[in-house]
>>> print(open('query.txt').read())   # compact mmCIF, C-alpha atoms and all ligand atoms
# COMPACT_ATOMS: atom_id res chain seq x y z
CA MET A 1 100.69 123.81 94.04
CA ASP A 2 104.43 124.07 94.58
CA ALA A 3 106.59 127.07 93.71
CA VAL A 4 107.79 125.49 90.47
CA GLY A 5 104.26 124.90 89.27
CA GLU A 6 102.88 128.29 90.20
CA GLN A 7 104.52 130.24 87.40
CA THR A 8 103.12 128.05 84.66
CA ALA A 9 100.09 126.45 86.34
CA ARG A 10 97.55 128.21 84.15
CA SER A 11 99.02 126.86 80.96
CA TRP A 12 99.65 123.33 82.25
CA PRO A 13 97.91 120.62 80.28
CA ARG A 14 95.19 118.86 82.27
CA GLY A 15 96.57 115.71 83.83
CA LEU A 16 100.11 117.00 84.32
CA THR A 17 101.25 116.90 87.96
CA LEU A 18 104.60 117.53 89.62
CA ILE A 19 105.38 116.25 93.12
CA PRO A 20 108.73 117.57 94.39
CA GLU A 21 110.84 115.39 96.70
CA TYR A 22 108.80 112.24 96.05
CA ILE A 23 111.78 110.07 96.95
CA SER A 24 114.32 110.72 99.71
CA PRO A 25 117.99 111.55 99.03
CA ALA A 26 118.84 108.10 100.53
CA THR A 27 116.55 106.27 98.08
CA GLU A 28 117.95 108.38 95.24
CA ALA A 29 121.52 107.43 96.23
CA ASP A 30 120.57 103.73 96.49
CA LEU A 31 119.03 103.78 93.00
CA VAL A 32 121.99 105.61 91.46
CA ASN A 33 124.34 103.03 93.00
CA TYR A 34 122.14 100.21 91.84
CA PHE A 35 122.26 101.33 88.18
CA ALA A 36 126.03 101.93 88.38
CA GLU A 37 126.88 98.61 90.07
CA GLU A 38 124.44 95.68 90.31
CA ALA A 39 122.46 96.65 87.22
CA LYS A 40 125.35 97.86 85.10
CA SER A 41 124.97 94.96 82.66
CA HIS A 42 121.31 95.88 82.05
CA TRP A 43 122.09 99.01 80.02
CA THR A 44 121.46 99.15 76.27
CA ALA A 45 123.12 101.91 74.24
CA LEU A 46 120.88 103.79 71.82
CA SER A 47 122.33 106.32 69.40
CA SER A 48 121.67 109.27 71.69
CA ARG A 49 121.43 107.80 75.22
CA ARG A 50 121.41 104.60 77.26
CA VAL A 51 118.30 102.83 78.53
CA ILE A 52 117.22 99.86 80.61
CA LEU A 53 113.80 98.31 80.15
CA TYR A 54 112.23 96.24 82.91
CA GLY A 55 108.96 94.40 82.45
CA LEU A 56 107.35 93.72 79.10
CA HIS A 57 109.42 93.69 75.96
CA PHE A 58 107.67 93.63 72.61
CA VAL A 59 109.34 91.57 69.94
CA GLN A 60 108.32 92.03 66.36
CA SER A 61 109.39 88.73 64.86
CA ASP A 62 106.19 88.17 62.86
CA THR A 63 102.78 89.78 62.61
CA SER A 64 101.56 88.27 65.86
CA HIS A 65 103.47 90.15 68.49
CA ARG A 66 105.36 88.10 71.03
CA ARG A 67 106.34 89.34 74.41
CA TYR A 68 108.67 88.34 77.16
CA THR A 69 109.49 89.70 80.53
CA ARG A 70 112.68 90.69 82.21
CA VAL A 71 112.04 90.46 85.91
CA THR A 72 111.74 93.86 87.54
CA PRO A 73 114.29 94.11 90.37
CA GLU A 74 113.10 94.56 93.92
CA PRO A 75 113.99 98.26 94.44
CA ILE A 76 112.22 99.24 91.20
CA GLN A 77 109.20 97.02 91.92
CA ARG A 78 108.86 98.68 95.35
CA LEU A 79 108.61 102.09 93.67
CA ALA A 80 106.02 100.80 91.18
CA GLU A 81 103.95 99.49 94.09
CA ARG A 82 104.30 102.77 95.96
CA LEU A 83 102.94 104.71 92.97
CA VAL A 84 99.76 102.61 93.18
CA ALA A 85 99.58 102.74 97.01
CA ASP A 86 99.92 106.54 96.87
CA GLY A 87 97.14 106.77 94.29
CA TYR A 88 99.24 108.11 91.41
CA GLN A 89 98.69 105.07 89.18
CA ASP A 90 95.64 102.78 89.06
CA GLN A 91 97.43 99.85 87.47
CA LEU A 92 100.76 98.48 88.59
CA ALA A 93 103.46 99.36 86.05
CA ASN A 94 104.50 96.40 83.89
CA HIS A 95 106.88 98.43 81.70
CA ILE A 96 109.58 100.50 83.38
CA LEU A 97 112.10 102.42 81.33
CA VAL A 98 115.26 103.86 82.84
CA ASN A 99 116.78 106.65 80.73
CA GLU A 100 120.29 108.00 81.19
CA TYR A 101 121.07 111.50 79.92
CA LYS A 102 124.56 112.88 79.81
CA VAL A 103 124.81 116.68 79.71
CA GLY A 104 123.45 117.84 76.35
CA GLN A 105 121.41 114.69 75.69
CA GLY A 106 117.62 114.66 75.43
CA ILE A 107 114.66 112.85 73.94
CA MET A 108 112.84 114.04 70.84
CA PRO A 109 109.19 115.13 71.14
CA HIS A 110 107.04 111.99 71.16
CA GLU A 111 103.88 110.54 72.58
CA ASP A 112 103.95 107.42 74.72
CA GLY A 113 100.95 106.22 72.72
CA PRO A 114 97.92 103.91 72.94
CA ALA A 115 99.89 100.77 73.85
CA PHE A 116 99.87 102.06 77.45
CA VAL A 117 97.27 103.12 79.99
CA PRO A 118 97.41 106.93 79.65
CA ASN A 119 99.48 107.55 82.76
CA ALA A 120 103.27 107.84 82.72
CA ALA A 121 105.04 108.41 86.05
CA ILE A 122 108.54 109.86 85.75
CA ILE A 123 110.95 109.92 88.69
CA SER A 124 114.05 112.07 88.16
CA LEU A 125 117.43 111.37 89.76
CA LEU A 126 120.55 113.52 90.29
CA SER A 127 119.86 116.51 88.09
CA ALA A 128 116.97 118.71 86.97
CA THR A 129 115.82 118.89 83.39
CA VAL A 130 113.14 120.72 81.44
CA LEU A 131 110.32 118.71 79.91
CA ASP A 132 108.64 120.46 76.96
CA PHE A 133 105.04 119.85 75.91
CA TYR A 134 103.72 120.45 72.38
CA ARG A 135 100.06 120.21 71.42
CA LYS A 136 99.61 117.34 68.96
CA ASP A 137 97.21 119.41 66.84
CA SER A 138 99.70 122.25 66.42
CA ALA A 139 102.21 122.14 63.58
CA ASP A 140 104.71 124.16 65.61
CA ARG A 141 107.34 121.84 67.01
CA SER A 142 109.84 124.60 67.75
CA THR A 143 107.95 126.44 70.50
CA PRO A 144 106.67 124.29 73.35
CA THR A 145 103.17 125.01 74.65
CA THR A 146 104.42 124.43 78.19
CA SER A 147 107.81 123.66 79.70
CA ILE A 148 108.19 122.30 83.19
CA ARG A 149 111.29 121.84 85.28
CA LEU A 150 111.67 118.39 86.78
CA PRO A 151 113.88 118.65 89.86
CA PRO A 152 115.87 115.65 91.10
CA ARG A 153 113.81 113.28 93.30
CA SER A 154 110.54 114.64 91.89
CA LEU A 155 107.68 112.65 90.47
CA CYS A 156 105.97 113.89 87.31
CA ILE A 157 102.66 112.35 86.26
CA ILE A 158 101.61 112.69 82.62
CA ALA A 159 97.98 111.57 82.43
CA ASP A 160 94.67 112.48 80.78
CA GLU A 161 95.01 115.30 78.21
CA ALA A 162 98.70 115.76 78.96
CA TYR A 163 99.15 112.16 77.82
CA THR A 164 96.69 112.01 74.93
CA SER A 165 96.78 115.51 73.39
CA TYR A 166 100.42 116.50 73.78
CA LEU A 167 103.87 115.35 72.76
CA HIS A 168 106.66 115.66 75.31
CA GLY A 169 110.41 115.88 74.89
CA ILE A 170 113.69 117.11 76.33
CA ALA A 171 115.75 119.44 74.14
CA GLU A 172 119.30 118.39 73.38
CA ARG A 173 121.15 121.33 74.85
CA ILE A 174 123.76 121.99 77.51
CA ALA A 175 121.51 124.42 79.39
CA GLY A 176 118.86 127.05 78.72
CA ALA A 177 118.21 130.36 80.51
CA GLY A 178 118.31 129.82 84.26
CA GLU A 179 118.71 126.12 83.69
CA ASP A 180 121.45 123.89 85.03
CA ARG A 181 121.90 120.48 83.51
CA GLY A 182 123.96 117.62 84.80
CA TYR A 183 124.05 113.86 84.48
CA ARG A 184 120.47 112.67 84.96
CA LEU A 185 118.70 109.36 85.30
CA SER A 186 114.95 108.98 85.02
CA LEU A 187 112.56 106.11 85.59
CA THR A 188 109.31 106.02 83.61
CA PHE A 189 106.59 103.70 84.96
CA ARG A 190 103.80 102.65 82.59
CA HIS A 191 101.21 99.92 82.27
CA ALA A 192 101.19 98.33 78.80
CA ILE A 193 97.72 97.20 77.77
CA LEU A 194 97.64 93.56 76.68
CA PRO A 195 96.43 92.54 74.24
CA LEU A 196 97.12 95.78 72.40
CA PRO A 197 93.97 97.99 72.25
CA ALA A 198 91.82 98.12 69.10
CA ALA A 199 93.39 101.45 68.09
CA ALA A 200 96.75 99.71 68.04
CA THR A 201 95.85 96.44 66.34
CA GLU A 202 95.22 97.68 62.82
CA PRO A 203 98.35 96.24 61.10
CA ALA A 204 100.12 99.43 59.98
CA LYS A 205 99.50 101.14 63.29
CA GLU A 206 100.49 98.11 65.31
CA LYS A 207 103.74 97.87 63.38
CA ARG A 208 104.45 101.53 64.11
CA ILE A 209 103.77 101.11 67.83
CA LEU A 210 105.90 98.00 68.08
CA ASN A 211 108.68 99.79 66.23
CA LEU A 212 108.42 102.68 68.63
CA LEU A 213 108.67 100.39 71.63
CA GLN A 214 111.60 98.61 70.03
CA ARG A 215 113.37 101.89 69.36
CA ARG A 216 112.97 103.01 72.96
CA ARG A 217 114.75 99.93 74.21
O1 LIG B 301 113.39 111.14 80.94
C1 LIG B 301 112.31 111.69 80.96
O2 LIG B 301 112.01 112.50 81.85
C2 LIG B 301 111.30 111.42 79.88
C3 LIG B 301 111.24 110.00 79.45
C4 LIG B 301 110.16 109.71 78.46
O3 LIG B 301 109.50 110.57 77.96
C5 LIG B 301 109.88 108.31 78.06
O4 LIG B 301 110.58 107.41 78.50
O5 LIG B 301 108.92 108.09 77.29
FE FE B 302 107.73 109.73 76.96
>>> encode(input="query.txt", output="C-alpha cells", more="lines below")
Ligand SMILES: O=C(O)CCC(=O)C(=O)O
Ligand SMILES: [Fe+2]
Amino acid sequence: MDAVGEQTARSWPRGLTLIPEYISPATEADLVNYFAEEAKSHWTALSSRRVILYGLHFVQSDTSHRRYTRVTPEPIQRLAERLVADGYQDQLANHILVNEYKVGQGIMPHEDGPAFVPNAAIISLLSATVLDFYRKDSADRSTPTTSIRLPPRSLCIIADEAYTSYLHGIAERIAGAGEDRGYRLSLTFRHAILPLPAAATEPAKEKRILNLLQRRR
C-alpha cells in the first residue's frame, strides 16, 4: 500500500485500488500533446467540461439501440492493452472516455452502471484531484464515505463493491484543504457489455442507461 492509501486504507471500499506512477512522465507528455494537437477535433463540449469518447457510442434513435464505433487511436489502444496485460482488467476496454477538467470543474456523483463490466480504470494526467465515494444506500450525498487523491500519472481501479455499491464524483471546487488543483485530463477505460445485460434491458431502465451514456459524451 502506498503512502497515499495508508491514511484511508481501512475505509476504502473493496475493489478500489490506486497505483501511483502507472505511466511515465514521457507517456503523459505524449498523451497531453496528442489531445491538444492531433486529437483536438475529437473534443465534445458538455455544459461543465469537455470529453472525447473512443470505442462504442450508443445512439438512442428508436427502442432498439444502435451502436457505432469511433476507432480508438493507437496510443490509447496501447494503454487499453497494457491494462489487460498487467492484469488490471479482464476484458479489453471498448469504451474509453477522456475527460478534461479546468480548475474548479468536476463530475457529479454517479455510478458507471450495469452497461459495463464492473471495472473502471482511470488514468490521471497533469494534475491531482480528489475522487469522492458515497455509499449508494446512504441518503447523505454531502459527506463522502471515502475520498482518495488521484495523483498525476496514477491508475485508479474502481471494481467490485467500489463499482457496484458506491457512487463516485469530483467536487466542483478550486481546491480543498491541502489540495492543489490544476488543469487535469483523465482517461476512463471500460468494457461495455453487449448486448446490454438483463438488468439494463427493461425498457425504462434501458432508456435511462442510454441517456446516461449519451449525456457523458
Ligand atoms: O475523471 C475522473 O477521474 C472520473 C471520471 C468518471 O468518473 C467517469 O468518466 O465515469
Ligand atoms: Fe465514473
>>> axis_aligned_box(input="query.txt", around="ligand LIG 301 (chain B)", padding_each_side="3 Å", output="JSON")
{"center_x": 111.2, "center_y": 110.0, "center_z": 79.6, "size_x": 10.5, "size_y": 11.1, "size_z": 10.6}
>>> residues_near_ligand(input="query.txt", ligand="ligand FE 302 (chain B)", cutoff="10 Å", atoms="all atoms listed in the file", output="list of chain:residue names")
A:Leu97, A:Ile107, A:Met108, A:Pro109, A:His110, A:Glu111, A:Asp112, A:Gly113, A:Ala120, A:Ala121, A:Ile122, A:Leu131, A:Ile158, A:Tyr163, A:Leu167, A:His168, A:Gly169, A:Ile170, A:Thr188, A:Arg190, A:Arg216
>>> write_last_selection(input="query.txt", atoms="C-alpha atoms", output="PDB file, in the frame of the given file")
ATOM      1  CA  LEU A  97     112.100 102.420  81.330  1.00  0.00           C
ATOM      2  CA  ILE A 107     114.660 112.850  73.940  1.00  0.00           C
ATOM      3  CA  MET A 108     112.840 114.040  70.840  1.00  0.00           C
ATOM      4  CA  PRO A 109     109.190 115.130  71.140  1.00  0.00           C
ATOM      5  CA  HIS A 110     107.040 111.990  71.160  1.00  0.00           C
ATOM      6  CA  GLU A 111     103.880 110.540  72.580  1.00  0.00           C
ATOM      7  CA  ASP A 112     103.950 107.420  74.720  1.00  0.00           C
ATOM      8  CA  GLY A 113     100.950 106.220  72.720  1.00  0.00           C
ATOM      9  CA  ALA A 120     103.270 107.840  82.720  1.00  0.00           C
ATOM     10  CA  ALA A 121     105.040 108.410  86.050  1.00  0.00           C
ATOM     11  CA  ILE A 122     108.540 109.860  85.750  1.00  0.00           C
ATOM     12  CA  LEU A 131     110.320 118.710  79.910  1.00  0.00           C
ATOM     13  CA  ILE A 158     101.610 112.690  82.620  1.00  0.00           C
ATOM     14  CA  TYR A 163      99.150 112.160  77.820  1.00  0.00           C
ATOM     15  CA  LEU A 167     103.870 115.350  72.760  1.00  0.00           C
ATOM     16  CA  HIS A 168     106.660 115.660  75.310  1.00  0.00           C
ATOM     17  CA  GLY A 169     110.410 115.880  74.890  1.00  0.00           C
ATOM     18  CA  ILE A 170     113.690 117.110  76.330  1.00  0.00           C
ATOM     19  CA  THR A 188     109.310 106.020  83.610  1.00  0.00           C
ATOM     20  CA  ARG A 190     103.800 102.650  82.590  1.00  0.00           C
ATOM     21  CA  ARG A 216     112.970 103.010  72.960  1.00  0.00           C
TER      22      ARG A 216
END
>>> closest_residue(input="query.txt", among="A:Ala93, A:Ile193, A:Leu125, A:Ala39", to="ligand LIG 301 (chain B)", atoms="only C-alpha atoms and all ligand atoms")
A:Leu125
>>> atom_distance(input="query.txt", atom1="atom CA of Gly55 of chain A", atom2="atom C5 of ligand LIG 301 (chain B)")
14.6 Å
>>> residues_around(input="query.txt", residues="Ser186 of chain A", least_positions_apart="6", cutoff="9 Å", atoms="only C-alpha atoms", output="ChimeraX atom specification")
/A:97-101,122-126
>>> residues_near_point(input="query.txt", point="(124.4, 102.9, 93.2)", cutoff="12 Å", atoms="only C-alpha atoms", output="PDB file with C-alpha atoms, in the frame of the given file")
ATOM      1  CA  ALA A  26     118.840 108.100 100.530  1.00  0.00           C
ATOM      2  CA  THR A  27     116.550 106.270  98.080  1.00  0.00           C
ATOM      3  CA  GLU A  28     117.950 108.380  95.240  1.00  0.00           C
ATOM      4  CA  ALA A  29     121.520 107.430  96.230  1.00  0.00           C
ATOM      5  CA  ASP A  30     120.570 103.730  96.490  1.00  0.00           C
ATOM      6  CA  LEU A  31     119.030 103.780  93.000  1.00  0.00           C
ATOM      7  CA  VAL A  32     121.990 105.610  91.460  1.00  0.00           C
ATOM      8  CA  ASN A  33     124.340 103.030  93.000  1.00  0.00           C
ATOM      9  CA  TYR A  34     122.140 100.210  91.840  1.00  0.00           C
ATOM     10  CA  PHE A  35     122.260 101.330  88.180  1.00  0.00           C
ATOM     11  CA  ALA A  36     126.030 101.930  88.380  1.00  0.00           C
ATOM     12  CA  GLU A  37     126.880  98.610  90.070  1.00  0.00           C
ATOM     13  CA  GLU A  38     124.440  95.680  90.310  1.00  0.00           C
ATOM     14  CA  ALA A  39     122.460  96.650  87.220  1.00  0.00           C
ATOM     15  CA  LYS A  40     125.350  97.860  85.100  1.00  0.00           C
ATOM     16  CA  PRO A  75     113.990  98.260  94.440  1.00  0.00           C
ATOM     17  CA  LEU A 125     117.430 111.370  89.760  1.00  0.00           C
ATOM     18  CA  LEU A 126     120.550 113.520  90.290  1.00  0.00           C
ATOM     19  CA  LEU A 185     118.700 109.360  85.300  1.00  0.00           C
TER      20      LEU A 185
END
>>> atom_distance(input="query.txt", atom1="atom CA of Asp160 of chain A", atom2="atom CA of Thr17 of chain A")
10.7 Å
>>> atom_distance(input="query.txt", atom1="atom CA of Arg70 of chain A", atom2="atom CA of Leu56 of chain A")
6.9 Å
>>> closest_residue(input="query.txt", among="A:Lys136, A:Lys102, A:His191, A:Arg50", to="Glu172 of chain A", atoms="all atoms listed in the file")
A:Lys102
>>> closest_residue(input="query.txt", among="A:Gly176, A:Gly106, A:Pro118, A:Pro144", to="ligand LIG 301 (chain B)", atoms="all atoms listed in the file")
A:Gly106
>>> closest_residue(input="query.txt", among="A:Val103, A:Leu16, A:Ala128, A:Ala175", to="ligand LIG 301 (chain B)", atoms="only C-alpha atoms and all ligand atoms")
A:Ala128
>>> closest_residue(input="query.txt", among="A:Pro25, A:Pro73, A:Pro152, A:Pro13", to="ligand LIG 301 (chain B)", atoms="all atoms listed in the file")
A:Pro152
>>> closest_residue(input="query.txt", among="A:Phe189, A:Trp43, A:Tyr166, A:Tyr88", to="ligand LIG 301 (chain B)", atoms="all atoms listed in the file")
A:Phe189
>>> build_atoms(input="query.txt", residues="segment 144-162 of chain A", atoms="N, CA and C atoms", output="PDB file, in the frame of the given file")
ATOM      1  N   PRO A 144     107.536 125.115  72.503  1.00  0.00           N
ATOM      2  CA  PRO A 144     106.670 124.290  73.350  1.00  0.00           C
ATOM      3  C   PRO A 144     105.478 125.077  73.875  1.00  0.00           C
ATOM      4  N   THR A 145     104.349 124.393  74.053  1.00  0.00           N
ATOM      5  CA  THR A 145     103.170 125.010  74.650  1.00  0.00           C
ATOM      6  C   THR A 145     103.444 125.290  76.133  1.00  0.00           C
ATOM      7  N   THR A 146     104.113 124.346  76.766  1.00  0.00           N
ATOM      8  CA  THR A 146     104.420 124.430  78.190  1.00  0.00           C
ATOM      9  C   THR A 146     105.769 123.761  78.413  1.00  0.00           C
ATOM     10  N   SER A 147     106.553 124.325  79.316  1.00  0.00           N
ATOM     11  CA  SER A 147     107.810 123.660  79.700  1.00  0.00           C
ATOM     12  C   SER A 147     107.819 123.565  81.215  1.00  0.00           C
ATOM     13  N   ILE A 148     108.131 122.398  81.729  1.00  0.00           N
ATOM     14  CA  ILE A 148     108.190 122.300  83.190  1.00  0.00           C
ATOM     15  C   ILE A 148     109.547 121.765  83.623  1.00  0.00           C
ATOM     16  N   ARG A 149     110.008 122.274  84.747  1.00  0.00           N
ATOM     17  CA  ARG A 149     111.290 121.840  85.280  1.00  0.00           C
ATOM     18  C   ARG A 149     111.044 120.658  86.196  1.00  0.00           C
ATOM     19  N   LEU A 150     111.772 119.585  85.935  1.00  0.00           N
ATOM     20  CA  LEU A 150     111.670 118.390  86.780  1.00  0.00           C
ATOM     21  C   LEU A 150     112.895 118.353  87.688  1.00  0.00           C
ATOM     22  N   PRO A 151     112.717 118.676  88.959  1.00  0.00           N
ATOM     23  CA  PRO A 151     113.880 118.650  89.860  1.00  0.00           C
ATOM     24  C   PRO A 151     114.254 117.208  90.221  1.00  0.00           C
ATOM     25  N   PRO A 152     115.510 117.004  90.665  1.00  0.00           N
ATOM     26  CA  PRO A 152     115.870 115.650  91.100  1.00  0.00           C
ATOM     27  C   PRO A 152     114.961 115.201  92.250  1.00  0.00           C
ATOM     28  N   ARG A 153     114.650 113.925  92.275  1.00  0.00           N
ATOM     29  CA  ARG A 153     113.810 113.280  93.300  1.00  0.00           C
ATOM     30  C   ARG A 153     112.314 113.577  93.143  1.00  0.00           C
ATOM     31  N   SER A 154     111.964 114.333  92.088  1.00  0.00           N
ATOM     32  CA  SER A 154     110.540 114.640  91.890  1.00  0.00           C
ATOM     33  C   SER A 154     109.853 113.520  91.135  1.00  0.00           C
ATOM     34  N   LEU A 155     108.525 113.542  91.257  1.00  0.00           N
ATOM     35  CA  LEU A 155     107.680 112.650  90.470  1.00  0.00           C
ATOM     36  C   LEU A 155     106.847 113.520  89.542  1.00  0.00           C
ATOM     37  N   CYS A 156     106.800 113.162  88.276  1.00  0.00           N
ATOM     38  CA  CYS A 156     105.970 113.890  87.310  1.00  0.00           C
ATOM     39  C   CYS A 156     104.967 112.886  86.751  1.00  0.00           C
ATOM     40  N   ILE A 157     103.688 113.227  86.832  1.00  0.00           N
ATOM     41  CA  ILE A 157     102.660 112.350  86.260  1.00  0.00           C
ATOM     42  C   ILE A 157     102.129 112.994  84.988  1.00  0.00           C
ATOM     43  N   ILE A 158     102.197 112.231  83.898  1.00  0.00           N
ATOM     44  CA  ILE A 158     101.610 112.690  82.620  1.00  0.00           C
ATOM     45  C   ILE A 158     100.395 111.801  82.375  1.00  0.00           C
ATOM     46  N   ALA A 159      99.202 112.367  82.584  1.00  0.00           N
ATOM     47  CA  ALA A 159      97.980 111.570  82.430  1.00  0.00           C
ATOM     48  C   ALA A 159      96.959 112.384  81.642  1.00  0.00           C
ATOM     49  N   ASP A 160      95.799 111.787  81.434  1.00  0.00           N
ATOM     50  CA  ASP A 160      94.670 112.480  80.780  1.00  0.00           C
ATOM     51  C   ASP A 160      95.133 113.221  79.515  1.00  0.00           C
ATOM     52  N   GLU A 161      94.702 114.521  79.424  1.00  0.00           N
ATOM     53  CA  GLU A 161      95.010 115.300  78.210  1.00  0.00           C
ATOM     54  C   GLU A 161      96.513 115.454  77.985  1.00  0.00           C
ATOM     55  N   ALA A 162      97.248 115.600  79.094  1.00  0.00           N
ATOM     56  CA  ALA A 162      98.700 115.760  78.960  1.00  0.00           C
ATOM     57  C   ALA A 162      99.286 114.543  78.244  1.00  0.00           C
TER      58      ALA A 162
END
